[in-house]
Structures are given as C-alpha cells and as structure tokens.
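First up is the structure itself, then whatever we jot down about it.
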Amino acid sequence: MENIIFIAPPAAGKGTQSVKIKDAYHLAHISTGDLLRAATKENTPEGLLIRNLMESGGLVSDEITEGLLLKRLAEQDCDNGYILDGFPRNIKQAHDYQELLKKLNKDVGVVIYLALDKEIARKRIVGRESCANCGAMYNNMIDTMKPKVAGICDKCGNPLSKRSDDNDATFEHRYDTYLKETEPLLEFYKQLGVLETVDSNQDADKVFSDIVKILDRRKKWLI
Ligand code: AP5
C-alpha cells in the first residue's frame with residue numbers, strides 16, 4: 001500500500017475525505033490537527049502554548065508537530081499505509097519527511113491537492129460540526145452535509161461539537177498562513193512528480209469519486 005498526503009487550504013475537506021478513504025481502503029488516518037488538539041487537553045505549559053498558537057491561526061512549531069507525528073507513525077495501524085491530513089505544512093516539514101522516508105527506504109506515495117475557493121472555505125469553516133467520538137464531519141450551513149438530527153452524529157449518536165478556531169478572524173489568519181507556508185509545497189511535490197489535483201469546490205461524494213479515480217489509476221491499491 002502507498003501513502004496519501006493531502007495539501008489543501010483550511011476547510012477544503014481533508015478530514016472529510018480522509019474518513020471516506022480510511023473506510024474504503026483501510027488506511028490509517030493521521031491528522032496533525034487532531035494530534036495537536038489532543039495535546040492541548042493536557043494541562044501543561046506545552047499544551048497551553050499549542051492551544052494559543054492554534055487559536056491564533058498560526059502554525060505550531062515543527063519540533064512539537066513532528067514529535068507527535070513520529071509517535072503516531074510508530075503505531076501498528078500505520079504499517080499498511082496511511083493518510084497524512086495536515087502534514088507537511090511547510091517546506092521544512094516536507095524536507096524532514098523526505099529524510100525520514102529515505103531512512104525507512106519508502107516512497108512518498110501520492111500527494112493530492114484539494115483546490116478550494118476562499119469564500120467557500122469561509123462558509124465551510126463557519127458551519128462545521130464534528131463528532132469527537134467517530135470523527136464524522138458535518139456542516140449546518142450546507143444542505144448536503146447536515147446531520148439528520150441537528151447537533152447529533154448520524155453514525156454513532158454522539159453530540160456534535162465546534163472547534164474553537166472556527167471563526168471569521170482566525171480563518172483569515174489560517175488562510176494567510178496557508179498561502180505563505182503551505183502553498184509552496186505544491187511546486188515541491190510537482191517537481192517530485194507525485195502531485196495530483198482535485199476540485200474540492202464540488203460536493204463531497206464527487207470529490208471522493210475523483211480521488212478514487214486517481215488511486216485506482218495508480219493501481220498500487222490492489223492487494
Ligand atoms: P487542521 O485541523 O489541519 O485545520 P485546517 O488545515 O485549517 O483544516 P480543517 O481541519 O479546518 O479543514 P479540512 O480540510 O479537514 O476540512 P473538513 O473536512 O473538516 O489544523 C488546525 C491547526 O493545527 C492549524 O491552524 C495549526 O495551528 C495546527 N497544525 C496542524 N497541522 C500542523 C502542522 N503540520 N504544522 C504546524 N501546525 C499544524 O471540512 C470542513 C467543513 O466543510 C466541514 O463542515 C465539512 O462537513 C464541510 N465539507 C467538506 N467537504 C465538503 C464538500 N465537498 N462540500 C460541502 N461541504 C464540505
């Protein structure tokens with residue numbers, strides 16, 4: 001199995017598509033945003049520092065993020081392939097990850113750019129709700145993404161929650177950070193010949209079927 005990296009602006013659907021791919025292809029889903037959010041729950045100076053950075057819309061340090069990622073990659077469910085949702089996020093992280101792959105004698109896999117217009121991203125951020133129990137994602141502003149019962153997860157019945165960084169002011173900073181730090185990765189992975197692009201302005205099922213076409217074309221997914 002090969003691995004998948006998502007590069008995308010905020011709210012482009014990295015989390016939504018990762019859950020669909022995880023279910024269909026039995027890959028581990030690694031969200032650095034989720035790993036960092038879990039770290040903020042620890043009542044430590046580092047947890048507080050991470051929370052402040054995330055709520056400002058800036059990036060957490062490479063050292064902290066990569067430390068959490070390395071621990072997660074060592075877990076057994078990553079042995080059969082994984083989806084990186086939110087990593088790498090800048091050129092330094094991309095170089096560090098290439099070094100790691102070299103040591104492990106592994107290929108980078110496929111990098112999928114989820115392209116999304118800024119104003120659609122803003123709408124998706126404001127309406128987002130997610131299930132802390134199973135990871136399912138909803139949006140109370142978009143008809144096709146609403147849960148059947150407001151505020152309740154369709155899959156497991158858990159109450160849905162909102163993220164503290166999902167507001168208009170933080171969105172602007174997150175988007176600027178994306179343009180400055182993360183968008184240059186598109187050229188980096190284009191040069192490596194592993195970049196694919198999907199139009200994420202479409203509805204979530206159409207985005208997923210475009211991703212499936214890419215994965216099936218690569219034929220490395222057949223067991
Ligand atoms: P992270 O959690 O990664 O946030 P993000 O990149 O801003 O991305 P989002 O999670 O907001 O969006 P998404 O693309 O997953 O979209 P989703 O599927 O949820 O990072 C948060 C913070 O952590 C960062 O700001 C940074 O501080 C820190 N961080 C994380 N990684 C880091 C790293 N590597 N280095 C340093 N710092 C790091 O969808 C969004 C909404 O839209 C949902 O409501 C969903 O239902 C809806 N939706 C999705 N797809 C569609 C569709 N096709 N049509 C209609 N609605 C849709």
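As shown in the structure tokens, the chain order sets the letters A, B, ...; within each chain, residues go from 1, and ligands are also counted from 1 in the order they appear.
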Test item: residues no farther than 7 Å from ligand 1, counting only C-alpha atoms and all ligand atoms, as a ChimeraX atom specification: /A:8-17,31-34,36,53-54,57-62,65,85-89,124-125,127-129,137-139,142,144-145,174,200-204,207
Output file for the residues above (C-alpha atoms, as a short mmCIF file (atom, residue, chain, number, x, y, z; two decimals), in the first residue's frame):
```cif
data_model
loop_
_atom_site.label_atom_id
_atom_site.label_comp_id
_atom_site.auth_asym_id
_atom_site.auth_seq_id
_atom_site.Cartn_x
_atom_site.Cartn_y
_atom_site.Cartn_z
CA ALA A 8 -5.15 21.99 0.94
CA PRO A 9 -6.39 25.30 2.31
CA PRO A 10 -8.42 25.29 5.55
CA ALA A 11 -11.79 23.53 5.23
CA ALA A 12 -11.03 22.03 1.81
CA GLY A 13 -12.22 18.63 3.05
CA LYS A 14 -9.00 16.90 4.16
CA GLY A 15 -10.73 15.43 7.21
CA THR A 16 -13.96 14.57 5.36
CA GLN A 17 -12.14 12.78 2.53
CA SER A 31 -4.46 14.31 11.31
CA THR A 32 -1.77 16.52 12.83
CA GLY A 33 -4.57 18.97 13.75
CA ASP A 34 -6.23 16.19 15.80
CA LEU A 36 -2.27 18.76 18.41
CA LEU A 53 -0.95 29.01 18.54
CA MET A 54 -3.85 27.04 17.08
CA GLY A 57 -4.37 30.51 13.22
CA GLY A 58 -0.58 30.19 13.02
CA LEU A 59 1.47 27.00 12.81
CA VAL A 60 2.69 25.05 15.84
CA SER A 61 6.50 24.52 15.89
CA ASP A 62 7.96 21.86 13.61
CA THR A 65 4.36 18.67 15.49
CA ASP A 85 -4.09 15.07 6.82
CA GLY A 86 -2.35 18.37 7.65
CA PHE A 87 1.30 17.35 7.32
CA PRO A 88 3.64 18.54 5.89
CA ARG A 89 2.56 22.14 6.29
CA ARG A 124 -17.45 25.68 5.41
CA ILE A 125 -15.49 26.85 8.47
CA GLY A 127 -20.85 25.87 9.72
CA ARG A 128 -18.53 22.98 10.59
CA GLU A 129 -19.51 20.48 13.31
CA MET A 137 -17.82 15.69 9.81
CA TYR A 138 -20.96 17.78 9.15
CA ASN A 139 -21.88 21.31 8.19
CA ILE A 142 -24.60 23.25 3.71
CA THR A 144 -25.92 18.09 1.71
CA MET A 145 -23.64 17.99 4.78
CA ARG A 174 -5.23 30.42 8.85
CA SER A 200 -12.83 20.41 -3.89
CA ASN A 201 -15.50 23.02 -4.71
CA GLN A 202 -17.67 20.06 -5.79
CA ASP A 203 -19.89 18.11 -3.41
CA ALA A 204 -18.11 15.67 -1.09
CA VAL A 207 -14.63 14.87 -4.66
#
```
Residues flagged alpha helix (DSSP H) by DSSP in stretch 80-214 of chain A, as a PyMOL selection string: chain A and resi 91-104+118-127+168-177+185-192+204-214
Minimum-distance residue to A:Arg37, chosen among A:Asp165, A:Asp210, A:Asp96, A:Asp154 (using only C-alpha atoms):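 Smallest distance to A:Arg37 is found for A:Asp165.
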Spatial neighbours of A:Ile91, max dist 9 Å, only C-alpha atoms, sep filter under 4 positions, as a count of residues only: 7
Atom-to-atom span, atom CA of A:Val194 and atom CA of A:Ile120, Å: 26.6 Å
